[in-house]
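Coordinates as given in target06.tsv (TSV, C-alpha atoms):
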chain	number	residue	atom	x	y	z
Z	23	MET	CA	-58.56	-107.84	16.50
Z	24	LYS	CA	-59.86	-108.17	20.05
Z	25	TRP	CA	-60.31	-111.60	21.62
Z	26	TRP	CA	-63.57	-110.72	23.38
Z	27	ASP	CA	-66.97	-110.72	21.64
Z	28	TRP	CA	-69.07	-107.69	22.57
Z	29	LYS	CA	-72.38	-109.31	21.56
Z	30	ASN	CA	-71.54	-112.37	23.60
Z	31	LEU	CA	-70.64	-110.16	26.58
Z	32	ILE	CA	-74.12	-108.61	26.54
Z	33	GLY	CA	-75.80	-112.02	26.47
Z	34	LEU	CA	-73.64	-113.37	29.28
Z	35	LYS	CA	-74.38	-110.33	31.43
Z	36	LEU	CA	-78.13	-110.98	31.10
Z	37	GLU	CA	-77.61	-114.54	32.32
Z	38	ARG	CA	-75.39	-113.83	35.30
Z	39	ASP	CA	-78.23	-113.06	37.77
Z	40	ALA	CA	-79.83	-116.44	37.05
Z	41	ARG	CA	-77.01	-118.38	38.75
Z	42	ALA	CA	-78.04	-120.76	41.51
Z	43	ALA	CA	-77.65	-119.86	45.17
Z	44	CYS	CA	-74.89	-122.48	45.43
Z	45	GLY	CA	-72.58	-120.29	43.35
Z	46	THR	CA	-68.99	-119.77	44.42
Z	47	ALA	CA	-66.82	-116.74	45.18
Z	48	ILE	CA	-63.24	-117.12	43.98
Z	49	ALA	CA	-60.44	-115.13	45.65
Z	50	LEU	CA	-57.38	-114.76	43.40
Z	51	GLY	CA	-54.28	-113.60	45.24
Z	52	GLY	CA	-51.26	-111.61	44.16
Z	53	GLY	CA	-47.90	-113.03	43.22
Z	54	GLY	CA	-46.70	-111.59	39.93
Z	55	ALA	CA	-45.77	-114.30	37.43
Z	56	ARG	CA	-46.95	-116.98	39.86
Z	57	GLY	CA	-50.47	-115.61	39.27
Z	58	ILE	CA	-50.47	-117.28	35.86
Z	59	ALA	CA	-51.31	-120.44	37.83
Z	60	HIS	CA	-54.74	-118.86	38.52
Z	61	LEU	CA	-55.65	-119.73	34.93
Z	62	GLY	CA	-55.13	-123.41	35.64
Z	63	VAL	CA	-57.08	-123.23	38.89
Z	64	MET	CA	-60.01	-121.55	37.12
Z	65	GLN	CA	-59.93	-124.36	34.56
Z	66	ALA	CA	-60.10	-126.97	37.32
Z	67	ILE	CA	-62.99	-125.15	39.00
Z	68	GLY	CA	-64.96	-125.20	35.75
Z	69	GLU	CA	-64.11	-128.84	35.04
Z	70	CYS	CA	-65.47	-129.78	38.49
Z	71	GLY	CA	-68.81	-128.21	37.60
Z	72	ILE	CA	-68.56	-125.36	40.10
Z	73	GLN	CA	-70.43	-122.18	39.16
Z	74	THR	CA	-68.45	-118.99	39.68
Z	75	GLU	CA	-70.77	-116.32	41.04
Z	76	ARG	CA	-68.09	-113.72	41.79
Z	77	ILE	CA	-64.35	-113.25	41.40
Z	78	VAL	CA	-62.36	-111.14	43.86
Z	79	GLY	CA	-58.84	-110.26	42.77
Z	80	VAL	CA	-55.87	-108.34	44.08
Z	81	SER	CA	-52.75	-107.41	42.10
Z	82	MET	CA	-52.07	-110.10	39.48
Z	83	GLY	CA	-55.25	-111.82	40.65
Z	84	SER	CA	-57.28	-108.81	39.51
Z	85	LEU	CA	-55.82	-109.00	36.00
Z	86	VAL	CA	-56.45	-112.73	35.66
Z	87	GLY	CA	-59.83	-112.29	37.30
Z	88	GLY	CA	-60.76	-109.61	34.78
Z	89	MET	CA	-59.88	-111.88	31.87
Z	90	CYS	CA	-61.89	-114.76	33.32
Z	91	ALA	CA	-64.87	-112.50	34.10
Z	92	ILE	CA	-65.05	-111.46	30.44
Z	93	GLU	CA	-64.66	-114.81	28.70
Z	94	PRO	CA	-66.23	-118.02	30.11
Z	95	ASP	CA	-64.10	-120.21	27.81
Z	96	ILE	CA	-60.95	-120.66	29.92
Z	97	GLN	CA	-59.06	-122.17	27.00
Z	98	LYS	CA	-59.43	-118.91	25.08
Z	99	VAL	CA	-58.27	-116.95	28.12
Z	100	GLN	CA	-55.20	-119.15	28.54
Z	101	THR	CA	-54.34	-118.89	24.84
Z	102	ARG	CA	-54.63	-115.11	24.91
Z	103	ALA	CA	-52.42	-114.85	27.99
Z	104	ILE	CA	-49.73	-117.14	26.56
Z	105	GLU	CA	-49.77	-115.29	23.23
Z	106	PHE	CA	-49.23	-112.01	25.06
Z	107	LEU	CA	-46.36	-113.37	27.18
Z	108	HIS	CA	-44.60	-114.53	24.02
Z	109	SER	CA	-45.38	-111.37	22.08
Z	110	PRO	CA	-42.72	-108.80	21.07
Z	111	ILE	CA	-44.62	-106.19	23.13
Z	112	PHE	CA	-44.19	-108.11	26.37
Z	113	GLN	CA	-40.63	-109.18	25.62
Z	114	ARG	CA	-39.60	-105.56	25.07
Z	115	LYS	CA	-41.20	-104.49	28.35
Z	116	GLN	CA	-39.59	-107.35	30.23
Z	117	GLN	CA	-36.18	-106.46	28.82
Z	118	LEU	CA	-36.65	-102.80	29.74
Z	119	LEU	CA	-37.70	-103.61	33.28
Z	120	PHE	CA	-35.27	-106.36	34.22
Z	121	GLY	CA	-32.88	-107.08	31.37
Z	122	ASP	CA	-32.19	-110.77	30.91
Z	123	THR	CA	-34.04	-112.77	33.55
Z	124	PRO	CA	-31.51	-114.76	35.60
Z	125	SER	CA	-31.83	-118.46	36.21
Z	126	ARG	CA	-33.88	-119.35	39.25
Z	127	SER	CA	-30.92	-121.02	40.87
Z	128	ALA	CA	-29.14	-117.69	40.80
Z	129	THR	CA	-31.91	-116.04	42.81
Z	130	GLU	CA	-31.77	-117.16	46.43
Z	131	ASP	CA	-34.02	-114.59	48.06
Z	132	VAL	CA	-37.79	-114.88	47.87
Z	133	GLY	CA	-40.89	-112.74	48.27
Z	134	MET	CA	-40.68	-109.03	48.78
Z	135	PHE	CA	-37.01	-109.33	49.65
Z	136	ALA	CA	-36.30	-110.69	46.17
Z	137	TRP	CA	-38.41	-107.87	44.74
Z	138	TYR	CA	-36.31	-105.33	46.61
Z	139	ASP	CA	-33.12	-107.01	45.38
Z	140	ARG	CA	-34.31	-106.85	41.77
Z	141	MET	CA	-35.42	-103.23	42.18
Z	142	LYS	CA	-32.05	-102.35	43.69
Z	143	GLN	CA	-30.28	-103.91	40.69
Z	144	PHE	CA	-32.58	-102.04	38.33
Z	145	VAL	CA	-31.99	-98.69	39.96
Z	146	SER	CA	-28.25	-99.23	39.99
Z	147	ALA	CA	-28.09	-100.36	36.36
Z	148	HIS	CA	-30.17	-97.50	35.01
Z	149	ARG	CA	-29.02	-94.74	37.35
Z	150	ARG	CA	-32.54	-93.87	38.52
Z	151	PHE	CA	-31.74	-92.72	42.04
Z	152	ASN	CA	-32.88	-89.18	41.24
Z	153	ARG	CA	-36.23	-90.44	39.93
Z	154	ALA	CA	-36.73	-92.55	43.05
Z	155	VAL	CA	-36.67	-89.49	45.30
Z	156	THR	CA	-38.35	-86.95	43.01
Z	157	ALA	CA	-41.05	-88.92	41.14
Z	158	PRO	CA	-43.96	-91.08	42.39
Z	159	SER	CA	-42.52	-94.24	40.82
Z	160	LEU	CA	-39.44	-95.77	39.25
Z	161	MET	CA	-41.26	-96.70	36.06
Z	162	PRO	CA	-43.86	-94.81	33.95
Z	163	LYS	CA	-47.54	-95.73	33.77
Z	164	THR	CA	-47.35	-96.81	30.14
Z	165	LEU	CA	-45.42	-100.00	30.87
Z	166	MET	CA	-48.26	-101.59	32.83
Z	167	TRP	CA	-51.05	-99.85	30.98
Z	168	GLU	CA	-50.12	-101.32	27.59
Z	169	ALA	CA	-50.44	-104.85	28.96
Z	170	ILE	CA	-53.83	-104.09	30.53
Z	171	GLU	CA	-55.07	-102.45	27.35
Z	172	TYR	CA	-53.99	-105.51	25.33
Z	173	LEU	CA	-55.68	-108.04	27.63
Z	174	LEU	CA	-58.84	-106.26	28.83
Z	175	PRO	CA	-61.65	-104.38	27.09
Z	176	ASP	CA	-62.73	-100.84	27.98
Z	177	ILE	CA	-65.81	-101.87	29.96
Z	178	ASP	CA	-67.45	-101.01	33.28
Z	179	LEU	CA	-67.05	-103.50	36.13
Z	180	GLN	CA	-70.84	-103.58	36.49
Z	181	ASP	CA	-71.21	-104.86	32.91
Z	182	LEU	CA	-69.03	-107.96	33.26
Z	183	PRO	CA	-70.72	-111.35	32.67
Z	184	ILE	CA	-69.23	-112.58	35.96
Z	185	PRO	CA	-69.13	-109.95	38.75
Z	186	LEU	CA	-65.60	-108.89	39.66
Z	187	SER	CA	-64.38	-107.09	42.78
Z	188	VAL	CA	-60.97	-105.46	42.49
Z	189	VAL	CA	-59.05	-104.89	45.72
Z	190	CYS	CA	-56.51	-102.10	46.22
Z	191	VAL	CA	-55.58	-99.48	48.82
Z	192	ASP	CA	-56.09	-95.72	49.02
Z	193	LEU	CA	-52.78	-94.13	49.95
Z	194	LEU	CA	-54.47	-90.96	51.17
Z	195	SER	CA	-57.07	-92.37	53.59
Z	196	GLY	CA	-55.30	-95.63	54.37
Z	197	HIS	CA	-58.46	-97.63	53.62
Z	198	ARG	CA	-58.60	-100.90	51.75
Z	199	ILE	CA	-60.78	-100.26	48.69
Z	200	VAL	CA	-63.01	-102.77	46.90
Z	201	LEU	CA	-63.99	-101.56	43.43
Z	202	GLU	CA	-67.26	-102.94	42.06
Z	203	LYS	CA	-68.06	-100.25	39.48
Z	204	GLY	CA	-66.08	-98.02	37.15
Z	205	SER	CA	-63.52	-98.75	34.42
Z	206	LEU	CA	-62.27	-102.33	34.44
Z	207	ARG	CA	-58.94	-101.25	32.99
Z	208	GLU	CA	-58.42	-98.47	35.52
Z	209	ALA	CA	-59.41	-100.72	38.41
Z	210	VAL	CA	-56.94	-103.43	37.42
Z	211	HIS	CA	-54.32	-100.78	36.78
Z	212	ALA	CA	-54.76	-99.53	40.34
Z	213	SER	CA	-54.61	-103.01	41.84
Z	214	THR	CA	-51.41	-103.88	39.93
Z	215	ALA	CA	-49.59	-100.60	40.63
Z	216	ILE	CA	-46.75	-101.93	42.81
Z	217	PRO	CA	-45.97	-99.18	45.35
Z	218	GLY	CA	-42.91	-97.23	44.35
Z	219	PHE	CA	-42.40	-99.21	41.18
Z	220	PHE	CA	-45.44	-98.11	39.16
Z	221	PRO	CA	-47.28	-94.82	39.80
Z	222	PRO	CA	-50.46	-94.87	41.91
Z	223	VAL	CA	-53.75	-94.36	40.07
Z	224	LYS	CA	-56.00	-91.34	40.65
Z	225	TRP	CA	-59.61	-92.47	41.25
Z	226	GLY	CA	-61.89	-89.59	42.18
Z	227	GLU	CA	-60.43	-88.17	45.38
Z	228	MET	CA	-58.43	-91.33	46.07
Z	229	LEU	CA	-54.90	-92.37	45.13
Z	230	LEU	CA	-54.92	-96.13	44.62
Z	231	CYS	CA	-52.18	-98.73	44.40
Z	232	ASP	CA	-51.48	-102.44	44.84
Z	233	LEU	CA	-52.40	-103.82	48.27
Z	234	GLY	CA	-50.96	-107.23	47.42
Z	235	VAL	CA	-47.52	-106.36	48.72
Z	236	PHE	CA	-49.06	-106.58	52.21
Z	237	ASP	CA	-52.49	-108.25	51.95
Z	238	SER	CA	-52.12	-110.64	49.03
Z	239	LEU	CA	-55.04	-113.05	49.53
Z	240	PRO	CA	-58.56	-111.48	49.46
Z	241	ASN	CA	-60.40	-114.38	51.12
Z	242	THR	CA	-62.12	-112.12	53.66
Z	243	ILE	CA	-63.61	-109.98	50.90
Z	244	ALA	CA	-64.74	-113.00	48.88
Z	245	ARG	CA	-66.36	-114.63	51.91
Z	246	SER	CA	-68.28	-111.45	52.79
Z	247	TYR	CA	-70.47	-111.84	49.68
Z	248	GLY	CA	-72.15	-114.82	51.34
Z	249	CYS	CA	-71.93	-117.20	48.39
Z	250	GLY	CA	-72.48	-120.91	48.86
Z	251	LEU	CA	-68.75	-121.59	48.76
Z	252	THR	CA	-65.54	-119.57	48.96
Z	253	ILE	CA	-62.37	-120.72	47.22
Z	254	GLY	CA	-59.08	-118.93	47.83
Z	255	VAL	CA	-56.10	-119.31	45.51
Z	256	ASP	CA	-52.76	-118.66	47.22
Z	257	VAL	CA	-49.80	-118.23	44.86
Z	258	GLY	CA	-47.58	-116.51	47.40
Z	259	GLN	CA	-44.24	-117.68	48.73
Z	260	GLU	CA	-43.53	-119.14	52.13
Z	261	ARG	CA	-41.06	-117.54	54.49
Z	262	SER	CA	-37.51	-118.76	53.91
Z	263	PRO	CA	-34.34	-118.02	55.85
Z	264	ILE	CA	-31.93	-115.44	54.45
Z	265	SER	CA	-28.23	-115.04	55.06
Z	266	ASP	CA	-28.11	-111.45	56.31
Z	267	CYS	CA	-29.82	-108.04	56.68
Z	268	LYS	CA	-27.02	-105.56	56.17
Z	269	THR	CA	-28.82	-102.23	55.85
Z	270	ALA	CA	-31.75	-100.43	57.42
Z	271	LEU	CA	-33.67	-100.79	54.15
Z	272	ASP	CA	-32.90	-104.52	54.14
Z	273	VAL	CA	-34.45	-104.80	57.59
Z	274	MET	CA	-37.58	-102.84	56.63
Z	275	MET	CA	-38.15	-104.83	53.45
Z	276	ARG	CA	-37.58	-108.12	55.26
Z	277	MET	CA	-40.17	-107.17	57.89
Z	278	GLN	CA	-42.67	-106.27	55.16
Z	279	ASP	CA	-42.01	-109.65	53.56
Z	280	ILE	CA	-42.58	-111.46	56.86
Z	281	GLY	CA	-45.72	-109.44	57.63
Z	282	GLU	CA	-47.31	-110.28	54.27
Z	283	GLN	CA	-46.67	-113.99	54.73
Z	284	MET	CA	-48.04	-114.03	58.28
Z	285	LEU	CA	-51.23	-112.22	57.25
Z	286	ARG	CA	-51.69	-114.54	54.27
Z	287	ARG	CA	-51.52	-117.60	56.49
Z	288	HIS	CA	-54.07	-116.00	58.83
Z	289	VAL	CA	-56.68	-115.20	56.15
Z	290	ARG	CA	-56.52	-118.69	54.64
Z	291	ASN	CA	-59.06	-119.67	57.31
Z	292	ASN	CA	-61.63	-117.40	55.68
Z	293	ALA	CA	-62.10	-119.73	52.70
Z	294	ASP	CA	-63.81	-123.13	52.47
Z	295	ILE	CA	-61.21	-124.39	50.02
Z	296	ILE	CA	-57.64	-123.20	49.73
Z	297	VAL	CA	-55.78	-123.97	46.52
Z	298	ARG	CA	-52.00	-123.66	46.82
Z	299	PRO	CA	-50.20	-124.44	43.56
Z	300	ASN	CA	-46.57	-125.41	44.02
Z	301	VAL	CA	-45.17	-122.22	42.47
Z	302	GLY	CA	-43.36	-120.63	45.40
Z	303	HIS	CA	-39.99	-121.19	43.75
Z	304	VAL	CA	-40.90	-118.91	40.82
Z	305	PRO	CA	-39.73	-115.27	41.17
Z	306	TRP	CA	-42.55	-112.76	40.70
Z	307	PHE	CA	-40.92	-111.34	37.56
Z	308	ASP	CA	-40.19	-114.66	35.77
Z	309	PHE	CA	-42.90	-115.31	33.15
Z	310	ARG	CA	-40.91	-117.81	31.08
Z	311	SER	CA	-42.84	-120.93	32.13
Z	312	ALA	CA	-46.47	-119.88	31.68
Z	313	GLU	CA	-47.62	-123.27	30.42
Z	314	GLU	CA	-46.06	-125.08	33.38
Z	315	LEU	CA	-47.65	-122.61	35.81
Z	316	ILE	CA	-51.07	-123.17	34.27
Z	317	ASP	CA	-50.65	-126.95	34.45
Z	318	GLU	CA	-49.63	-126.76	38.11
Z	319	GLY	CA	-52.62	-124.54	38.89
Z	320	ARG	CA	-54.97	-127.04	37.27
Z	321	ARG	CA	-53.40	-129.96	39.15
Z	322	ALA	CA	-53.57	-128.14	42.50
Z	323	GLY	CA	-57.15	-127.02	41.84
Z	324	HIS	CA	-58.39	-130.54	41.18
Z	325	GLU	CA	-56.52	-131.86	44.21
Z	326	ALA	CA	-57.94	-129.26	46.60
Z	327	ILE	CA	-61.49	-129.60	45.32
Z	328	GLN	CA	-61.36	-133.39	45.47
Z	329	HIS	CA	-60.09	-133.17	49.04
Z	330	TRP	CA	-63.05	-130.98	49.97
Z	331	LYS	CA	-65.52	-133.30	48.27
Z	332	ASN	CA	-64.06	-136.29	50.10
Z	333	HIS	CA	-64.92	-134.58	53.39
Z	334	HIS	CA	-68.31	-133.15	52.41
Z	335	GLY	CA	-69.63	-134.91	49.33
Z	336	THR	CA	-71.83	-132.01	48.18
Z	337	TRP	CA	-71.44	-128.31	47.37
Z	338	ASP	CA	-74.46	-127.48	49.57
Z	339	THR	CA	-72.73	-128.44	52.83
Z	340	ALA	CA	-72.13	-125.39	55.03
Z	341	THR	CA	-69.36	-126.79	57.22
Z	342	ASP	CA	-65.83	-125.52	56.58
Z	343	VAL	CA	-63.22	-128.16	55.81
Z	344	ILE	CA	-60.36	-126.09	57.20
Z	345	GLY	CA	-61.78	-125.35	60.61
Z	346	CYS	CA	-63.95	-122.21	60.29
Z	347	ASP	CA	-67.46	-123.40	61.24
Z	348	VAL	CA	-69.24	-120.03	61.07
Z	349	ARG	CA	-70.67	-119.21	57.63
Z	350	VAL	CA	-71.85	-115.78	56.50
Z	351	PRO	CA	-75.54	-115.86	55.41
Z	352	ARG	CA	-75.86	-115.35	51.67
Z	353	HIS	CA	-77.67	-112.01	51.83
Z	354	ARG	CA	-75.60	-110.54	54.63
Z	355	ARG	CA	-72.68	-108.44	53.43
Z	356	PHE	CA	-70.19	-106.78	55.70
Z	357	ALA	CA	-67.12	-104.64	55.21
Z	358	PRO	CA	-64.09	-105.49	57.33
Z	359	THR	CA	-62.78	-102.66	59.50
Z	360	GLY	CA	-61.05	-99.94	57.51
Z	361	GLU	CA	-62.57	-100.98	54.17
Z	362	ARG	CA	-64.59	-99.00	51.63
Z	363	ARG	CA	-66.63	-100.57	48.86
Z	364	LEU	CA	-67.48	-98.64	45.73
Z	365	HIS	CA	-70.65	-100.13	44.26
Z	366	GLN	CA	-73.98	-98.96	42.95
Written as structure tokens, that's how I'd like the structure from this file.
Amino acid sequence: MKWWDWKNLIGLKLERDARAACGTAIALGGGGARGIAHLGVMQAIGECGIQTERIVGVSMGSLVGGMCAIEPDIQKVQTRAIEFLHSPIFQRKQQLLFGDTPSRSATEDVGMFAWYDRMKQFVSAHRRFNRAVTAPSLMPKTLMWEAIEYLLPDIDLQDLPIPLSVVCVDLLSGHRIVLEKGSLREAVHASTAIPGFFPPVKWGEMLLCDLGVFDSLPNTIARSYGCGLTIGVDVGQERSPISDCKTALDVMMRMQDIGEQMLRRHVRNNADIIVRPNVGHVPWFDFRSAEELIDEGRRAGHEAIQHWKNHHGTWDTATDVIGCDVRVPRHRRFAPTGERRLHQ
């Protein structure tokens, strides 16, 4: 039995255009398991009485964003997510992908470097070197698709009660792509297709995959919709020293890790409020502490919003608490250089 109510979805869609001009755009960043904290942040946003006019998600943020765009009751969304993470379906997939998840103390590396280390262990353990050089990905589509199919309905992005923009990248043109129409499942599948790990997704003449490995915080996209307020949720990791870079691949992956973190720090200035849950110590593949991640997201959300209110006192204030004084007019929409938007 599905957790979403189709009749309720239709009613919510009819109401979505009646939201006040002071609505908020929420940017949900990528971060694998750390993205579970988004569910707590969304709870805090609702508890503070903030209306969500649009959600913009990349990678894990697109999956959580899709769930929240369908169901306004965040408690139901959280329950569904936790049930899935504890389900035999997910446990089997986790075991297939990574085997037994090591303790966090045993994992010293962070970010993309840790991802590379885990991938290297996976390839070695399962003898997939041939697949790595002859196939588009190390793992088949079905592993990610089954999770998306379990958590999201087969619905068009344009029919969601809360508008959702899904961010990914077209491997063929090199453009960042913002999906605003088309299959919700396929869009999230494209945004969560980690390059090299899961196969890219064919979308018309494009070949889409996860942009979050490089640009993991879609604040710029969220701000471009000109809503009354932009909130960015950063669940990424900060740069940490490592002991060595022994191979050429080590060097390339380390530079990609550093580049992602530098860009993320730069785009934080494109949001009015930045929520940064303390989840950087959690490896992207470790989903064992979902409840704790949600609680930390809720705590960080309330803290960040209260900090903003202490400086401004009202949601109608146009000044930016973190130093960006120029606001985008509500009805002016722009596409950053190199970006394509697919909307009606």
* Provide the CA of Met166 in chain Z to CA of Ala312 in chain Z distance in Å, to one decimal place. =>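 That distance, rounded to one decimal, is 18.4 Å.
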* Structure fact -> Counting all atoms listed in the file, the residue among Z:Met82, Z:Met284, Z:Ile327, Z:Leu271 that lies closest to Ile296 in chain Z is Z:Ile327
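As for CA of Arg363 in chain Z and CA of Lys224 in chain Z, they are spaced 16.3 Å apart.
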* Could you tell me which of Z:Pro217, Z:Gly79, Z:Gly51, Z:Gly234 comes closest to Ser187 in chain Z if we count only C-alpha atoms? =>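 Looking at the shortest contact to Ser187 in chain Z, the residue is Z:Gly79.
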* **Shell around Ala55 in chain Z at 6 Å using all atoms listed in the file, local window under 2 positions removed, as a list in words** => Gly57, Ile58, Trp306, Phe307, Asp308 and Phe309 of chain Z
* If we count all atoms listed in the file, what is near range 45-50 of chain Z at a cut-off of 6 Å, once residues fewer than 5 positions away on the same chain are taken out, given as a list in words? ->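 Contacts, in chain order: Gln73, Thr74, Glu75, Arg76, Ile77, Val78, Gly79, Gly83, Pro240, Asn241, Ala244, Cys249, Gly250, Leu251, Thr252, Ile253, Gly254 and Val255 of chain Z.
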* To do: For each of Z:Ala103, Z:Met89, Z:Ile316, Z:Ala215, take the minimum atom-to-atom distance to Val63 in chain Z, counting only C-alpha atoms, then give the residue where this is smallest.
  =>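 Using only C-alpha atoms, Val63 in chain Z sits closest to Z:Ile316.
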* **Selected residue, from Z:Arg198, Z:Arg362, Z:Arg298, Z:Arg320, that lies nearest to Gly53 in chain Z when counting only C-alpha atoms** =>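 Closest to Gly53 in chain Z of all the choices is Z:Arg298.
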* To do: May I ask which of the residues Z:Gly52, Z:Pro110, Z:Leu364, Z:Gln328 is the closest one to Glu282 in chain Z, counting all atoms listed in the file?
  =>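 Closest to Glu282 in chain Z of all the choices is Z:Gly52.
With distances taken over all atoms listed in the file, Z:Val80 is the one residue among Z:Ala322, Z:Ala293, Z:Val304, Z:Val80 lying closest to Ala212 in chain Z.
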* Asked: Rounded to one decimal in Å, what is the spacing between CA of Met64 in chain Z and CA of Glu313 in chain Z?
  ->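 Value for the CA of Met64 in chain Z-CA of Glu313 in chain Z distance: 14.2 Å.
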* Pick out the residues sitting within 8 Å of range 90-101 of chain Z, and hand them over as a ChimeraX atom specification; count all atoms listed in the file, and ignore anything fewer than 6 positions along from it in its own chain. => /Z:26,31,61,64-65,77,182-186
* Who sits within 12 Å of Ser195 in chain Z, only C-alpha atoms, same chain under 2 positions skipped, as a ChimeraX atom specification -> /Z:191-193,197-199,227-230,360-362
